[in-house]
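Pasted below: target_37.cif, mmCIF, C-alpha atoms.
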data_input
#
loop_
_atom_site.label_atom_id
_atom_site.label_comp_id
_atom_site.auth_asym_id
_atom_site.auth_seq_id
_atom_site.Cartn_x
_atom_site.Cartn_y
_atom_site.Cartn_z
CA MET I 990 4.31 -51.41 -50.66
CA ASN I 991 7.75 -50.46 -52.02
CA GLU I 992 10.40 -48.55 -50.06
CA LYS I 993 9.69 -45.15 -51.68
CA GLU I 994 5.99 -45.41 -50.97
CA LEU I 995 6.68 -46.57 -47.42
CA ILE I 996 8.97 -43.59 -46.78
CA SER I 997 6.50 -41.07 -48.15
CA ARG I 998 3.69 -42.57 -46.07
CA LEU I 999 5.93 -42.53 -43.00
CA LYS I 1000 6.67 -38.86 -43.63
CA LEU I 1001 2.91 -38.28 -43.50
CA SER I 1002 2.97 -39.95 -40.04
CA GLU I 1003 0.65 -42.76 -41.12
CA GLU I 1004 0.36 -45.28 -38.32
CA ALA I 1005 -0.28 -48.16 -40.74
CA ALA I 1006 3.00 -47.39 -42.51
CA PHE I 1007 4.81 -47.36 -39.19
CA LYS I 1008 3.37 -50.78 -38.40
CA VAL I 1009 4.58 -52.09 -41.79
CA LEU I 1010 8.04 -50.64 -41.12
CA ILE I 1011 8.28 -52.37 -37.76
CA GLU I 1012 7.01 -55.69 -39.03
CA THR I 1013 9.54 -55.54 -41.87
CA TYR I 1014 12.62 -54.55 -39.90
CA GLN I 1015 12.02 -55.52 -36.25
CA ASP I 1016 13.80 -58.89 -36.50
CA ARG I 1017 16.88 -57.52 -38.26
CA VAL I 1018 17.21 -54.56 -35.90
CA TYR I 1019 16.66 -56.70 -32.81
CA TYR I 1020 19.16 -59.35 -33.94
CA SER I 1021 21.79 -56.69 -34.69
CA VAL I 1022 21.53 -54.95 -31.34
CA LEU I 1023 21.33 -58.31 -29.56
CA ASN I 1024 24.64 -59.31 -31.13
CA ILE I 1025 26.21 -56.04 -30.08
CA LEU I 1026 24.79 -55.84 -26.55
CA GLN I 1027 24.55 -59.56 -25.69
CA ASN I 1028 21.58 -58.95 -23.45
CA ALA I 1029 17.99 -59.71 -24.49
CA ASN I 1030 16.32 -57.03 -22.35
CA GLU I 1031 18.73 -54.30 -23.35
CA ALA I 1032 18.40 -55.38 -26.99
CA GLU I 1033 14.61 -55.07 -26.93
CA ASP I 1034 14.83 -51.70 -25.24
CA THR I 1035 17.38 -50.47 -27.80
CA ALA I 1036 15.37 -51.82 -30.74
CA GLN I 1037 12.33 -49.94 -29.41
CA GLU I 1038 14.36 -46.75 -29.01
CA THR I 1039 15.61 -47.18 -32.58
CA PHE I 1040 12.08 -47.29 -33.99
CA ILE I 1041 10.99 -44.34 -31.86
CA GLN I 1042 13.93 -42.36 -33.26
CA VAL I 1043 13.04 -43.50 -36.80
CA PHE I 1044 9.48 -42.32 -36.30
CA GLU I 1045 10.57 -38.98 -34.84
CA SER I 1046 13.19 -38.17 -37.47
CA ILE I 1047 11.81 -39.72 -40.66
CA ALA I 1048 10.98 -36.20 -41.89
CA SER I 1049 14.70 -35.39 -41.95
CA PHE I 1050 15.63 -38.60 -43.83
CA LYS I 1051 17.12 -37.38 -47.13
CA GLU I 1052 17.21 -40.83 -48.79
CA ALA I 1053 20.96 -40.58 -49.46
CA SER I 1054 21.21 -44.21 -48.32
CA SER I 1055 18.66 -47.01 -48.29
CA LEU I 1056 16.08 -47.04 -45.51
CA VAL I 1057 17.54 -50.19 -43.96
CA THR I 1058 21.05 -48.67 -43.80
CA TRP I 1059 19.64 -45.55 -42.16
CA ILE I 1060 17.75 -47.67 -39.60
CA TYR I 1061 20.90 -49.71 -38.90
CA LYS I 1062 22.87 -46.48 -38.39
CA ILE I 1063 20.37 -45.38 -35.75
CA ALA I 1064 20.37 -48.85 -34.15
CA VAL I 1065 24.18 -48.93 -33.91
CA ARG I 1066 24.24 -45.40 -32.44
CA LYS I 1067 21.61 -46.38 -29.87
CA ALA I 1068 23.54 -49.56 -29.01
CA LEU I 1069 26.70 -47.50 -28.53
CA GLU I 1070 24.80 -45.12 -26.24
CA LYS I 1071 23.67 -48.14 -24.21
CA ILE I 1072 27.25 -49.45 -23.96
CA ARG I 1073 28.46 -46.01 -22.84
CA LYS I 1074 25.71 -45.82 -20.23
CA GLN I 1075 26.56 -49.34 -18.99
CA LYS I 1076 30.23 -48.40 -18.67
CA ASN I 1077 29.36 -45.20 -16.80
CA ARG I 1078 27.04 -47.16 -14.53
CA GLN I 1079 29.78 -49.69 -13.80
CA ARG I 1080 32.25 -46.89 -13.10
CA ILE I 1081 29.86 -45.23 -10.64
CA GLN I 1082 29.07 -48.62 -9.11
CA SER I 1083 32.76 -49.28 -8.47
CA ILE I 1084 33.19 -45.89 -6.81
CA ILE I 1085 29.95 -45.78 -4.81
CA PRO I 1086 28.47 -49.32 -4.79
CA TRP I 1087 25.41 -48.35 -2.69
CA TRP I 1088 24.33 -45.78 -5.30
CA MET I 1089 23.14 -48.23 -7.99
CA PRO I 1090 20.28 -50.66 -7.35
CA SER I 1091 21.35 -54.33 -7.29
CA GLU I 1092 19.05 -55.32 -10.21
CA GLU I 1093 21.35 -53.47 -12.59
CA LYS I 1094 23.99 -56.11 -11.98
CA SER I 1095 21.97 -58.75 -13.83
CA ASN I 1096 22.66 -56.90 -17.09
CA GLU I 1097 26.16 -58.28 -17.12
CA ALA I 1098 24.93 -61.79 -17.93
CA VAL I 1099 25.90 -62.88 -21.44
CA TYR I 1100 23.11 -63.86 -23.81
CA LEU I 1101 23.72 -67.12 -25.63
CA ASN I 1102 22.20 -67.76 -29.02
CA PRO I 1103 19.86 -70.79 -29.06
CA GLY I 1104 21.75 -72.23 -32.06
CA ILE I 1105 24.94 -72.69 -30.07
CA SER I 1106 25.43 -76.31 -29.01
CA LYS I 1107 26.08 -77.32 -25.39
CA GLU I 1108 29.76 -78.14 -25.96
CA ASN I 1109 30.30 -74.73 -27.58
CA LYS I 1110 28.62 -72.72 -24.82
CA GLU I 1111 31.82 -72.19 -22.86
CA LYS I 1112 33.68 -71.12 -25.99
CA ALA I 1113 30.84 -68.75 -26.95
CA THR I 1114 30.74 -67.16 -23.49
CA ILE I 1115 34.48 -66.54 -23.59
CA ILE I 1116 34.50 -65.05 -27.09
CA HIS I 1117 31.48 -62.84 -26.28
CA LYS I 1118 33.21 -61.57 -23.16
CA ALA I 1119 36.38 -60.86 -25.14
CA ILE I 1120 34.38 -59.02 -27.83
CA SER I 1121 32.60 -56.94 -25.20
CA GLU I 1122 35.99 -55.76 -23.92
CA LEU I 1123 37.06 -54.45 -27.34
CA PRO I 1124 37.02 -50.69 -28.02
CA ASN I 1125 33.55 -49.66 -29.26
CA ASN I 1126 34.31 -49.20 -32.96
CA GLN I 1127 36.21 -52.50 -33.16
CA ARG I 1128 33.38 -54.23 -31.33
CA ILE I 1129 30.74 -52.90 -33.75
CA ALA I 1130 32.77 -53.63 -36.90
CA PHE I 1131 33.62 -57.13 -35.72
CA THR I 1132 30.02 -57.90 -34.73
CA LEU I 1133 28.49 -56.61 -37.96
CA ILE I 1134 30.95 -58.42 -40.22
CA ARG I 1135 32.08 -61.55 -38.40
CA ILE I 1136 28.99 -62.40 -36.38
CA GLN I 1137 26.21 -61.08 -38.57
CA GLY I 1138 27.97 -61.75 -41.86
CA MET I 1139 27.53 -58.26 -43.32
CA LYS I 1140 29.64 -57.13 -46.26
CA HIS I 1141 32.42 -54.58 -45.67
CA GLU I 1142 30.51 -52.06 -47.83
CA GLU I 1143 27.37 -52.39 -45.71
CA ALA I 1144 29.30 -52.00 -42.46
CA SER I 1145 31.13 -49.01 -43.94
CA ALA I 1146 27.81 -47.32 -44.83
CA ILE I 1147 26.35 -48.03 -41.39
CA MET I 1148 29.41 -46.90 -39.44
CA GLN I 1149 30.07 -43.99 -41.81
CA LEU I 1150 33.70 -45.03 -42.22
CA SER I 1151 35.75 -45.91 -45.29
CA ILE I 1152 36.20 -49.56 -46.22
CA LYS I 1153 39.91 -49.22 -45.38
CA ALA I 1154 39.02 -47.98 -41.90
CA ILE I 1155 36.66 -50.93 -41.45
CA GLU I 1156 39.40 -53.35 -42.52
CA SER I 1157 41.80 -51.73 -40.11
CA LEU I 1158 39.26 -51.98 -37.27
CA LEU I 1159 38.71 -55.66 -38.06
CA SER I 1160 42.41 -56.39 -38.11
CA ARG I 1161 42.97 -54.61 -34.79
CA ALA I 1162 39.95 -56.41 -33.31
CA ARG I 1163 41.44 -59.77 -34.36
CA GLU I 1164 44.79 -58.93 -32.77
CA ASN I 1165 43.10 -57.83 -29.56
CA LEU I 1166 40.97 -60.98 -29.50
CA LYS I 1167 44.02 -63.18 -30.04
CA ASN I 1168 45.63 -61.45 -27.12
CA LYS I 1169 42.57 -61.77 -24.88
CA LEU I 1170 42.01 -65.45 -25.68
CA LYS I 1171 45.55 -66.53 -24.86
CA ASN I 1172 44.71 -67.15 -21.21
CA TYR I 1173 41.95 -69.57 -22.21
CA TYR I 1174 44.31 -71.56 -24.44
CA ASN I 1175 47.17 -71.48 -21.94
CA SER I 1176 45.11 -72.92 -19.10
CA MET P 626 53.59 -69.20 -22.08
CA MET P 627 52.60 -68.08 -25.60
CA LYS P 628 52.33 -64.39 -26.44
CA THR P 629 49.04 -64.59 -28.39
CA ILE P 630 47.08 -67.40 -30.02
CA SER P 631 47.47 -68.25 -33.72
CA ASP P 632 45.10 -67.15 -36.50
CA GLU P 633 44.02 -70.76 -36.88
CA GLN P 634 43.09 -71.04 -33.20
CA LEU P 635 41.13 -67.81 -33.40
CA GLU P 636 39.25 -68.94 -36.51
CA ASN P 637 38.56 -72.21 -34.79
CA HIS P 638 37.13 -70.35 -31.83
CA LEU P 639 35.08 -68.05 -34.04
CA ASP P 640 33.46 -71.11 -35.63
CA VAL P 641 30.95 -71.10 -32.75
CA PHE P 642 29.19 -68.28 -34.57
CA SER P 643 28.60 -70.41 -37.67
CA THR P 644 25.99 -72.44 -35.78
CA MET P 645 24.10 -69.39 -34.57
CA LYS P 646 20.43 -69.01 -35.52
CA GLU P 647 18.94 -65.64 -36.43
CA VAL P 648 16.83 -64.63 -33.44
CA GLY P 649 13.68 -62.63 -34.14
CA ALA P 650 12.26 -59.81 -32.06
CA PRO P 651 10.21 -60.98 -29.04
CA ASP P 652 6.48 -61.54 -29.41
CA PHE P 653 4.20 -58.51 -29.27
CA PHE P 654 7.13 -56.22 -30.06
CA TYR P 655 4.92 -53.77 -31.95
CA THR P 656 2.26 -53.75 -29.22
CA ARG P 657 4.84 -53.02 -26.52
CA LEU P 658 6.52 -50.34 -28.63
CA HIS P 659 3.17 -48.70 -29.35
CA ALA P 660 2.29 -48.71 -25.64
CA ARG P 661 5.69 -47.23 -24.77
CA MET P 662 5.30 -44.44 -27.32
CA GLU P 663 1.85 -43.53 -26.01
CA ASN P 664 3.10 -43.66 -22.43
CA GLU P 665 6.12 -41.49 -23.22
CA SER P 666 4.04 -38.82 -24.95
CA THR P 667 1.65 -38.64 -21.97
CA GLN P 668 4.52 -38.53 -19.48
CA LEU P 669 6.27 -35.83 -21.49
CA ALA P 670 3.21 -33.59 -21.29
CA LEU P 671 2.96 -34.16 -17.53
CA GLN P 672 6.66 -33.79 -16.82
CA LEU P 673 7.24 -30.57 -18.77
CA PRO P 674 6.51 -28.09 -15.92
CA PHE P 675 8.55 -30.18 -13.46
CA LYS P 676 11.74 -30.39 -15.50
CA PRO P 677 14.81 -29.14 -13.55
CA VAL P 678 15.48 -26.48 -16.17
CA TRP P 679 12.04 -24.94 -15.58
CA ILE P 680 12.42 -25.08 -11.81
CA ILE P 681 15.86 -23.40 -12.00
CA CYS P 682 14.47 -20.71 -14.32
CA ILE P 683 11.56 -19.95 -11.99
CA LEU P 684 13.83 -19.82 -8.91
CA THR P 685 16.32 -17.55 -10.71
CA PHE P 686 13.46 -15.26 -11.73
CA PHE P 687 12.27 -14.94 -8.11
CA LEU P 688 15.84 -14.40 -6.93
CA ILE P 689 16.33 -11.52 -9.38
CA ILE P 690 13.00 -9.94 -8.39
CA ASN P 691 13.93 -10.30 -4.72
CA THR P 692 17.35 -8.72 -5.22
CA LEU P 693 15.82 -5.80 -7.12
CA LEU P 694 13.16 -5.23 -4.46
CA ILE P 695 15.68 -5.40 -1.61
CA GLY P 696 17.92 -2.88 -3.44
CA LYS P 697 14.98 -0.53 -3.99
CA ASN P 698 13.86 -0.81 -0.35
CA LYS P 699 17.38 -0.05 0.90
CA ASN P 700 17.41 3.25 -1.03
CA LEU P 701 13.95 4.09 0.27
CA VAL P 702 14.99 3.43 3.87
CA ASN P 703 18.10 5.63 3.48
CA THR P 704 16.08 8.56 2.10
CA ASN P 705 13.40 8.15 4.75
CA SER P 706 15.90 8.06 7.60
CA ASN P 707 17.56 11.27 6.31
CA LYS P 708 14.17 12.98 6.11
CA ASN P 709 13.29 11.88 9.66
CA ILE P 710 16.50 13.35 11.05
CA GLU P 711 15.81 16.64 9.23
CA VAL P 712 12.29 16.81 10.67
CA LEU P 713 13.65 16.13 14.14
CA ALA P 714 16.31 18.82 13.75
CA VAL P 715 13.77 21.38 12.55
CA SER P 716 11.48 20.66 15.47
CA TYR P 717 14.37 21.35 17.88
CA ASP P 718 15.52 24.39 15.88
CA GLN P 719 18.76 22.79 14.82
CA ASN P 720 20.41 22.89 11.41
CA ILE P 721 22.05 19.87 9.83
#
Here is the file; what I need is its structure written in the form of structure tokens.
Amino acid sequence: MNEKELISRLKLSEEAAFKVLIETYQDRVYYSVLNILQNANEAEDTAQETFIQVFESIASFKEASSLVTWIYKIAVRKALEKIRKQKNRQRIQSIIPWWMPSEEKSNEAVYLNPGISKENKEKATIIHKAISELPNNQRIAFTLIRIQGMKHEEASAIMQLSIKAIESLLSRARENLKNKLKNYYNS
Amino acid sequence: MMKTISDEQLENHLDVFSTMKEVGAPDFFYTRLHARMENESTQLALQLPFKPVWIICILTFFLIINTLLIGKNKNLVNTNSNKNIEVLAVSYDQNI
């Protein structure tokens, strides 16, 4: 089934087409949001929300971009919503600690990719923590390009920003990371 | 103490990502998603009458009706009390 056919069948709300869509894109979407959120549970939840949104709004998809870019756009937006919610939750927790249930605290744990060797685990934890402290747009641009290896053009289409803006975000992210990592190298 | 680290040190640090493996979605992703969608649609149907917006609307409606009825009753009481006084005055041959 090609992309055009898949889209038209999705617009007809065919369940089989939806299953094909998920089987085709679930790994890419999950891996992307996992890299952004660094938490396996949150990543699965966000990937699910992404596909629900795709299913609900496929009728409004005008095919101006490819289907995968559109899905990535939704996934990044959902991941950003999750980050915002997490930050709000942490803010409330710091003001009124008894308000939030204690299980929410486990979300702060950093997910480590199984490919990372034992000796690199400390380094990976530190860089992930530094990336998570970057402003949202810098965090997304850096993750898509430097961690996932996307091209600038792809990231620009997903983030709906010009290539120059993406380059600027990357450069600022690098400067911020250099600043954040200095304590690790000084100790 | 250095101000920031060098580009080389940063690149060196970022090399940890080069060994990363692409992680796929967890098993039974579709099954869980399907179950969640079905669950959400059922819950939505059940939750609709209990949404705060509906409750606020219903309470506001009753409040308006109550205010209107109280206002109407007040006028009625005023007219009635005037009439009663007139009746009383007539029965005692007084003029008001």
Residues picked by the PyMOL selection byres ((chain I and resi 1013) around 12) here, as a CSV table (one decimal) with C-alpha atoms, in the frame of the given file?
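Output contents, as saved in selection.csv:
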chain,number,residue,atom,x,y,z
I,990,MET,CA,4.3,-51.4,-50.7
I,991,ASN,CA,7.8,-50.5,-52.0
I,992,GLU,CA,10.4,-48.6,-50.1
I,995,LEU,CA,6.7,-46.6,-47.4
I,1006,ALA,CA,3.0,-47.4,-42.5
I,1007,PHE,CA,4.8,-47.4,-39.2
I,1008,LYS,CA,3.4,-50.8,-38.4
I,1009,VAL,CA,4.6,-52.1,-41.8
I,1010,LEU,CA,8.0,-50.6,-41.1
I,1011,ILE,CA,8.3,-52.4,-37.8
I,1012,GLU,CA,7.0,-55.7,-39.0
I,1014,TYR,CA,12.6,-54.6,-39.9
I,1015,GLN,CA,12.0,-55.5,-36.2
I,1016,ASP,CA,13.8,-58.9,-36.5
I,1017,ARG,CA,16.9,-57.5,-38.3
I,1018,VAL,CA,17.2,-54.6,-35.9
I,1019,TYR,CA,16.7,-56.7,-32.8
I,1040,PHE,CA,12.1,-47.3,-34.0
I,1056,LEU,CA,16.1,-47.0,-45.5
I,1057,VAL,CA,17.5,-50.2,-44.0
I,1060,ILE,CA,17.8,-47.7,-39.6
P,649,GLY,CA,13.7,-62.6,-34.1
P,650,ALA,CA,12.3,-59.8,-32.1
P,655,TYR,CA,4.9,-53.8,-32.0
With only C-alpha atoms counted and 8 Å as the cut-off, give the residues of chain P in contact with chain I, each with its shortest interatomic distance in Å and the pair that gives it, as a tab-separated table.
residue	atom	partner	partner_atom	distance
P:Met626	CA	I:Asn1175	CA	6.8
P:Met627	CA	I:Lys1171	CA	7.3
P:Lys628	CA	I:Lys1171	CA	7.3
P:Thr629	CA	I:Asn1168	CA	4.8
P:Ile630	CA	I:Lys1167	CA	5.2
P:Ser631	CA	I:Lys1167	CA	7.2
P:Asp632	CA	I:Lys1167	CA	7.7
P:Leu635	CA	I:Lys1167	CA	6.4
P:His638	CA	I:Lys1112	CA	6.8
P:Leu639	CA	I:Ile1116	CA	7.6
P:Val641	CA	I:Ala1113	CA	6.3
P:Phe642	CA	I:Ile1136	CA	6.2
P:Thr644	CA	I:Gly1104	CA	5.6
P:Met645	CA	I:Gly1104	CA	4.5
P:Lys646	CA	I:Gly1104	CA	4.9
P:Glu647	CA	I:Tyr1020	CA	6.8
P:Val648	CA	I:Tyr1020	CA	5.8
P:Gly649	CA	I:Asp1016	CA	4.4
P:Ala650	CA	I:Asp1016	CA	4.8
P:Pro651	CA	I:Glu1033	CA	7.7
P:Phe654	CA	I:Gln1015	CA	7.9
P:Tyr655	CA	I:Ile1011	CA	6.9
P:Leu658	CA	I:Gln1037	CA	5.9
P:Met662	CA	I:Ile1041	CA	7.3
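Taking atom CA of I:Ile1147 and atom CA of P:Thr656 as the two end points, the separation is 27.6 Å.
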Practice task
Write out as a PyMOL selection string each polymer residue whose atoms come within 8 Å of stretch 1069-1080 of chain I, counting all atoms listed in the file; drop sequence neighbours fewer than 3 positions from it.
Solution key: chain I and resi 1026+1031+1035+1065-1066+1083-1084+1089+1125
Handout entry: Between atom CA of I:Lys1000 and atom CA of I:Ala1048, distance in Å (one decimal)
Key =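 Atom CA of I:Ala1048 lies 5.4 Å from atom CA of I:Lys1000.
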Handout entry: Using only C-alpha atoms: which of I:Ala1053, I:Leu999, I:Ile1085, I:Leu1123 has the shortest distance to I:Ile1025
Key =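 Nearest candidate to I:Ile1025 out of I:Ala1053, I:Leu999, I:Ile1085, I:Leu1123: I:Leu1123.
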